[in-house]
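Dropping entry12.cif in here (mmCIF, C-alpha atoms):
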```cif
data_protein
loop_
_atom_site.label_atom_id
_atom_site.label_comp_id
_atom_site.auth_asym_id
_atom_site.auth_seq_id
_atom_site.Cartn_x
_atom_site.Cartn_y
_atom_site.Cartn_z
CA MET I 23 86.88 118.85 144.00
CA ASN I 24 89.78 116.40 143.93
CA LYS I 25 88.82 113.66 141.48
CA GLN I 26 90.55 110.36 142.14
CA ASP I 27 91.37 108.08 139.22
CA GLN I 28 89.87 104.71 140.07
CA GLY I 29 91.61 102.93 137.19
CA LEU I 30 90.36 101.51 133.91
CA LEU I 31 87.39 99.20 134.48
CA ILE I 32 86.68 96.73 131.67
CA ALA I 33 84.29 93.81 131.98
CA GLY I 34 84.40 93.91 135.76
CA LYS I 35 88.20 94.07 136.13
CA THR I 36 90.20 97.19 137.02
CA TYR I 37 93.53 97.97 135.38
CA SER I 38 96.05 100.46 136.74
CA SER I 39 97.31 101.50 133.29
CA ARG I 40 95.17 103.26 130.70
CA LEU I 41 97.67 102.47 127.96
CA LEU I 42 97.08 99.27 126.02
CA VAL I 43 99.76 98.09 123.62
CA GLY I 44 100.14 95.81 120.66
CA SER I 45 102.70 93.05 120.20
CA GLY I 46 103.49 93.29 116.50
CA LYS I 47 106.15 95.03 114.37
CA TYR I 48 109.02 94.69 116.85
CA LYS I 49 112.36 93.36 115.64
CA ASP I 50 112.24 90.41 118.03
CA LEU I 51 110.57 89.07 121.17
CA ASP I 52 113.18 90.66 123.43
CA GLN I 53 112.28 94.12 122.12
CA THR I 54 108.60 93.27 122.48
CA ARG I 55 109.17 92.40 126.13
CA GLU I 56 111.27 95.50 126.88
CA ALA I 57 108.85 97.91 125.21
CA THR I 58 105.86 96.35 126.92
CA GLU I 59 107.55 96.66 130.30
CA ALA I 60 108.53 100.29 129.61
CA SER I 61 104.96 101.17 128.63
CA GLY I 62 103.58 100.09 131.99
CA ALA I 63 100.66 98.49 130.16
CA ASN I 64 98.57 95.77 131.79
CA ILE I 65 96.84 94.68 128.58
CA ILE I 66 98.67 93.55 125.44
CA THR I 67 96.80 92.73 122.27
CA VAL I 68 97.82 89.78 120.10
CA ALA I 69 96.92 89.10 116.46
CA ILE I 70 95.89 85.46 116.54
CA ARG I 71 96.33 85.06 112.78
CA ARG I 72 99.88 86.43 112.80
CA VAL I 73 101.48 85.60 116.15
CA ASN I 74 102.21 82.22 117.71
CA ILE I 75 100.67 81.76 121.15
CA GLY I 76 100.61 77.99 121.00
CA GLN I 77 99.32 77.20 117.51
CA ASP I 78 102.83 76.02 116.57
CA PRO I 79 104.50 74.22 119.50
CA ASN I 80 107.79 74.11 117.58
CA ALA I 81 108.10 77.91 117.18
CA PRO I 82 108.90 80.61 119.76
CA SER I 83 105.76 81.75 121.58
CA LEU I 84 104.92 85.37 122.29
CA LEU I 85 103.65 84.23 125.68
CA ASP I 86 107.24 83.53 126.74
CA ALA I 87 108.01 87.26 126.36
CA VAL I 88 104.71 88.59 127.74
CA PRO I 89 103.39 85.85 130.05
CA PRO I 90 99.69 85.72 130.95
CA SER I 91 100.73 85.58 134.60
CA LYS I 92 101.92 89.18 134.26
CA TYR I 93 99.72 90.64 131.50
CA THR I 94 96.15 90.37 130.34
CA ILE I 95 96.41 88.94 126.83
CA LEU I 96 93.86 90.50 124.47
CA PRO I 97 93.47 88.31 121.38
CA ASN I 98 92.35 90.25 118.32
CA THR I 99 91.06 89.51 114.84
CA ALA I 100 93.53 91.58 112.79
CA GLY I 101 93.42 90.37 109.20
CA CYS I 102 89.75 89.38 109.26
CA TYR I 103 87.45 90.88 106.63
CA ASN I 104 84.13 89.26 107.52
CA ALA I 105 82.17 88.32 110.61
CA GLU I 106 82.53 84.56 110.11
CA ASP I 107 86.34 84.64 110.10
CA ALA I 108 86.44 87.00 113.08
CA VAL I 109 84.15 84.80 115.19
CA TYR I 110 86.11 81.65 114.32
CA THR I 111 89.43 83.34 115.15
CA LEU I 112 88.27 84.39 118.61
CA GLN I 113 86.77 80.99 119.33
CA LEU I 114 90.19 79.52 118.49
CA ALA I 115 91.82 82.05 120.83
CA ARG I 116 89.48 81.00 123.62
CA GLU I 117 90.64 77.41 123.20
CA LEU I 118 94.33 78.37 123.12
CA LEU I 119 94.00 80.59 126.20
CA ASP I 120 91.98 78.19 128.37
CA GLY I 121 88.58 79.82 128.10
CA HIS I 122 89.75 83.45 127.96
CA LYS I 123 86.72 85.74 127.42
CA LEU I 124 88.16 89.24 126.90
CA VAL I 125 88.80 89.83 123.20
CA LYS I 126 89.28 92.60 120.69
CA LEU I 127 87.08 92.45 117.60
CA GLU I 128 88.14 94.15 114.41
CA VAL I 129 86.63 93.41 111.01
CA LEU I 130 88.38 95.33 108.25
CA GLY I 131 86.85 96.73 105.09
CA ASP I 132 89.86 96.62 102.77
CA GLU I 133 93.62 96.13 102.78
CA LYS I 134 94.43 99.71 101.73
CA THR I 135 92.72 101.76 104.46
CA LEU I 136 92.16 99.05 107.12
CA PHE I 137 88.99 100.98 107.90
CA PRO I 138 86.41 98.97 109.85
CA ASN I 139 83.66 97.16 107.97
CA MET I 140 80.83 98.23 110.26
CA PRO I 141 78.01 95.94 109.01
CA GLU I 142 80.25 92.89 109.51
CA THR I 143 81.57 94.29 112.82
CA LEU I 144 78.03 94.66 114.16
CA LYS I 145 77.15 91.13 113.03
CA ALA I 146 80.23 89.61 114.64
CA ALA I 147 79.79 91.59 117.85
CA GLU I 148 76.26 90.28 118.31
CA ILE I 149 77.36 86.65 117.80
CA LEU I 150 80.33 86.97 120.16
CA VAL I 151 78.40 88.68 122.96
CA LYS I 152 75.74 85.97 122.79
CA ASP I 153 78.54 83.38 122.94
CA GLY I 154 79.77 84.79 126.26
CA PHE I 155 82.73 86.89 125.10
CA ASP I 156 83.61 90.28 126.60
CA VAL I 157 84.06 92.21 123.38
CA MET I 158 86.22 95.28 122.96
CA VAL I 159 85.43 96.51 119.47
CA TYR I 160 87.38 98.54 116.90
CA CYS I 161 84.98 100.81 115.04
CA SER I 162 84.56 103.98 113.02
CA ASP I 163 84.13 107.30 114.85
CA ASP I 164 80.41 107.30 114.03
CA PRO I 165 78.43 108.01 117.24
CA ILE I 166 75.36 106.17 115.93
CA GLN I 167 77.19 102.93 115.21
CA ALA I 168 79.17 103.24 118.43
CA LYS I 169 75.84 103.38 120.30
CA MET I 170 74.63 100.30 118.41
CA LEU I 171 77.72 98.38 119.53
CA GLU I 172 77.18 99.46 123.13
CA ASP I 173 73.53 98.39 122.95
CA ILE I 174 74.62 94.95 121.68
CA GLY I 175 76.61 94.60 124.89
CA CYS I 176 80.23 95.31 123.94
CA ALA I 177 82.57 95.82 126.90
CA ALA I 178 84.48 98.73 125.34
CA ILE I 179 84.07 100.95 122.28
CA MET I 180 87.31 101.57 120.36
CA PRO I 181 86.93 104.25 117.67
CA LEU I 182 89.86 104.98 115.39
CA ALA I 183 91.54 108.39 115.69
CA SER I 184 92.88 108.06 112.15
CA LEU I 185 93.90 105.17 109.90
CA ILE I 186 95.78 102.25 111.46
CA GLY I 187 99.51 102.87 111.40
CA SER I 188 99.13 106.35 109.86
CA GLY I 189 100.41 108.33 112.85
CA MET I 190 98.06 111.17 111.89
CA GLY I 191 96.71 111.67 115.41
CA ILE I 192 93.18 112.75 116.37
CA LEU I 193 91.62 113.89 113.08
CA ASN I 194 88.04 114.31 114.32
CA PRO I 195 87.94 115.30 118.00
CA TRP I 196 84.29 116.36 117.68
CA ASN I 197 82.99 112.90 116.77
CA LEU I 198 85.21 111.39 119.43
CA SER I 199 83.78 113.77 122.01
CA LEU I 200 80.22 112.84 120.99
CA ILE I 201 81.02 109.13 121.47
CA ILE I 202 82.60 109.80 124.87
CA GLU I 203 79.61 111.86 126.00
CA GLN I 204 77.02 109.21 125.15
CA THR I 205 78.87 106.02 126.06
CA LYS I 206 78.67 104.33 129.46
CA VAL I 207 81.31 101.65 128.79
CA PRO I 208 84.99 102.61 128.33
CA VAL I 209 85.93 104.50 125.17
CA ILE I 210 89.45 103.61 124.05
CA VAL I 211 91.10 105.29 121.07
CA ASP I 212 92.41 102.61 118.73
CA ALA I 213 94.61 103.47 115.74
CA GLY I 214 96.26 106.60 114.44
CA VAL I 215 98.27 107.84 117.41
CA GLY I 216 101.73 108.93 116.24
CA THR I 217 103.46 110.55 119.17
CA ALA I 218 103.05 111.45 122.83
CA SER I 219 101.11 114.66 122.23
CA ASP I 220 98.44 112.69 120.30
CA ALA I 221 98.01 110.40 123.29
CA ALA I 222 97.76 113.33 125.71
CA ILE I 223 95.12 115.05 123.54
CA ALA I 224 92.99 111.91 123.39
CA MET I 225 93.10 111.56 127.16
CA GLU I 226 92.37 115.26 127.70
CA LEU I 227 89.20 114.82 125.62
CA GLY I 228 88.03 112.25 128.18
CA CYS I 229 88.93 108.94 126.58
CA ASP I 230 89.25 106.11 129.07
CA GLY I 231 92.35 104.71 127.44
CA ILE I 232 94.42 104.33 124.28
CA LEU I 233 95.57 101.27 122.37
CA MET I 234 98.64 101.64 120.16
CA ASN I 235 101.25 99.53 118.44
CA THR I 236 102.93 101.20 115.44
CA ALA I 237 103.57 104.47 117.29
CA ILE I 238 105.81 102.56 119.71
CA ALA I 239 107.15 99.65 117.64
CA GLY I 240 107.83 101.86 114.62
CA ALA I 241 109.70 104.57 116.53
CA GLN I 242 113.48 104.92 116.15
CA ASP I 243 113.78 103.99 119.83
CA PRO I 244 110.74 101.86 120.74
CA ILE I 245 111.69 101.49 124.41
CA ARG I 246 112.01 105.23 124.94
CA MET I 247 108.80 105.90 123.00
CA ALA I 248 106.98 103.36 125.18
CA ARG I 249 108.04 105.34 128.26
CA ALA I 250 106.97 108.59 126.59
CA MET I 251 103.54 107.18 125.79
CA LYS I 252 103.12 105.98 129.36
CA LEU I 253 103.81 109.49 130.67
CA ALA I 254 101.62 111.14 128.01
CA VAL I 255 98.61 108.99 128.87
CA GLU I 256 99.09 109.69 132.57
CA ALA I 257 99.51 113.45 131.98
CA GLY I 258 96.47 113.64 129.71
CA ARG I 259 94.32 111.81 132.23
CA GLU I 260 95.48 114.10 135.05
CA ALA I 261 94.71 117.17 132.94
CA PHE I 262 91.23 115.82 132.17
CA LEU I 263 90.52 115.19 135.84
CA ALA I 264 91.95 118.60 136.81
CA GLY I 265 89.63 120.45 134.43
CA ARG I 266 91.16 122.88 131.95
CA ILE I 267 90.45 126.61 131.97
CA PRO I 268 87.80 127.79 129.49
CA ARG I 269 88.92 129.22 126.17
CA LYS I 270 88.31 132.97 125.95
CA PHE I 271 88.77 135.65 123.32
CA ALA I 272 90.32 138.09 125.80
CA ALA I 273 93.47 138.21 127.89
CA SER I 274 93.32 137.59 131.62
CA PRO I 275 96.28 138.63 133.83
CA SER I 276 97.99 135.86 135.77
CA SER I 277 98.60 138.09 138.79
CA PRO I 278 95.68 139.57 140.80
CA MET I 279 94.88 143.23 140.15
CA ALA I 280 93.84 143.97 143.75
CA GLY I 281 96.47 145.40 146.09
CA ARG I 282 98.70 146.74 143.34
CA ILE I 283 101.44 149.24 144.24
CA ASN I 284 100.62 152.44 142.40
CA ALA I 285 103.38 154.81 141.31
#
```

Can the structure in the file be given as structure tokens, please?
Amino acid sequence: MNKQDQGLLIAGKTYSSRLLVGSGKYKDLDQTREATEASGANIITVAIRRVNIGQDPNAPSLLDAVPPSKYTILPNTAGCYNAEDAVYTLQLARELLDGHKLVKLEVLGDEKTLFPNMPETLKAAEILVKDGFDVMVYCSDDPIQAKMLEDIGCAAIMPLASLIGSGMGILNPWNLSLIIEQTKVPVIVDAGVGTASDAAIAMELGCDGILMNTAIAGAQDPIRMARAMKLAVEAGREAFLAGRIPRKFAASPSSPMAGRINA
């Protein structure tokens, strides 16, 4: 059966690209713009606590490089370590972006690992959903807590593949597969992707998308890496839809045995 990719559906809106990108760590706004364009991404995430999107009218605004008329801006709560700060940050983002509802929630546990603080994440998610936000949520790769976030009403579940910025790739594909199997909203890998093969593997597992920043911005050639990630996500998705052959412990000839010419 020929499976058609209908696009990435989040909170009632369909996006053509399954690659979501960050806006930090680039050398300047021009490089941010070029890398974002090369990635083909429709959604770009913005750390409200670290990036100017209007808080300072006298400083350059990220929105000049990645305008909301062209991209869906996804404000996030990077740098927040409790639910109260995260909720306040996204309420501020809603004011700055004229009532924008789609947000990325991340509540961190500590500065060393940047691992999610799940009790505070769950608390913030519940408040934000009740306040009318469409919440995409960074979380651990724990299937139980991922289900709790879905039950709260989050618009997308975003388990880490490995630590933020580590480039270690998919360290626990089994937990990721369990989350994908049980979840009815999009599952988007967030954190840990290091190179194109990591992105392809995540998509081959059945993830709906991938969010990355450091893997692109930290590359020796960010623009070229952005193009590579675009292709990797597309290839991984195609492979998933095509359906891989089963793994077997025996060889199987590529050419048919019937009709052979015998000596």

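Nearest residue to I:Thr54, choosing from I:Leu119, I:Ile210, I:Leu84, I:Gly131 and counting all atoms listed in the file: I:Leu84.
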
List as a list in words: which residues have an atom within 10 Å of (74.6, 91.0, 116.4), counting only C-alpha atoms?
-> Ala105, Pro141, Glu142, Thr143, Leu144, Lys145, Ala146, Ala147, Glu148, Ile149, Leu150, Val151, Lys152, Met170, Leu171, Asp173, Ile174 and Gly175 of chain I

Please write the residues from the selection above to a file, keeping C-alpha atoms, as a PDB file, keeping the file's coordinate frame.
```pdb
ATOM      1  CA  ALA I 105      82.170  88.320 110.610  1.00  0.00           C
ATOM      2  CA  PRO I 141      78.010  95.940 109.010  1.00  0.00           C
ATOM      3  CA  GLU I 142      80.250  92.890 109.510  1.00  0.00           C
ATOM      4  CA  THR I 143      81.570  94.290 112.820  1.00  0.00           C
ATOM      5  CA  LEU I 144      78.030  94.660 114.160  1.00  0.00           C
ATOM      6  CA  LYS I 145      77.150  91.130 113.030  1.00  0.00           C
ATOM      7  CA  ALA I 146      80.230  89.610 114.640  1.00  0.00           C
ATOM      8  CA  ALA I 147      79.790  91.590 117.850  1.00  0.00           C
ATOM      9  CA  GLU I 148      76.260  90.280 118.310  1.00  0.00           C
ATOM     10  CA  ILE I 149      77.360  86.650 117.800  1.00  0.00           C
ATOM     11  CA  LEU I 150      80.330  86.970 120.160  1.00  0.00           C
ATOM     12  CA  VAL I 151      78.400  88.680 122.960  1.00  0.00           C
ATOM     13  CA  LYS I 152      75.740  85.970 122.790  1.00  0.00           C
ATOM     14  CA  MET I 170      74.630 100.300 118.410  1.00  0.00           C
ATOM     15  CA  LEU I 171      77.720  98.380 119.530  1.00  0.00           C
ATOM     16  CA  ASP I 173      73.530  98.390 122.950  1.00  0.00           C
ATOM     17  CA  ILE I 174      74.620  94.950 121.680  1.00  0.00           C
ATOM     18  CA  GLY I 175      76.610  94.600 124.890  1.00  0.00           C
TER      19      GLY I 175
END
```

Target residues per the PyMOL selection byres ((chain I and resi 209) around 10), formatted as a VMD selection string | chain I and resid 158 to 159 168 177 to 181 198 201 to 203 205 to 208 210 to 212 228 to 232

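If you count only C-alpha atoms and ignore residues fewer than 5 places along the chain from I:Gly216, what sits within 10 Å of it is Ser184, Gly187, Ser188, Gly189, Met190, Gly191, Ile192, Ala221, Met234, Asn235, Thr236, Ala237, Ile238, Gly240, Ala241 and Met251 of chain I.
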
Given the file above and the PyMOL selection byres ((chain I and resi 51) around 12), which residues are selected, and can you give them as a PyMOL selection string?
-> chain I and resi 45-50+52-58+73-74+82-89+239

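Residue nearest I:Ile65, chosen from I:Leu127, I:Leu233, I:Met140, I:Ala108 and counting all atoms listed in the file: I:Leu233.
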
note - atom CA of I:Gly34 and atom CA of I:Val109 are separated by 22.5 Å

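Using only C-alpha atoms, the nearest neighbour of I:Ile66 within the list I:Lys92, I:Lys252, I:Arg246, I:Arg269 is I:Lys92.
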
Would you mind listing what lies within 8 Å of I:Leu227 as a list of chain:residue names, with all atoms listed in the file counted and same-chain residues fewer than 4 positions away left out?
-> I:Pro195, I:Ser199, I:Ile223, I:Phe262

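Distance check against I:Glu128 using all atoms listed in the file: of I:Ala224, I:Ala273, I:Leu31, I:Ala213, the minimum falls on I:Ala213.
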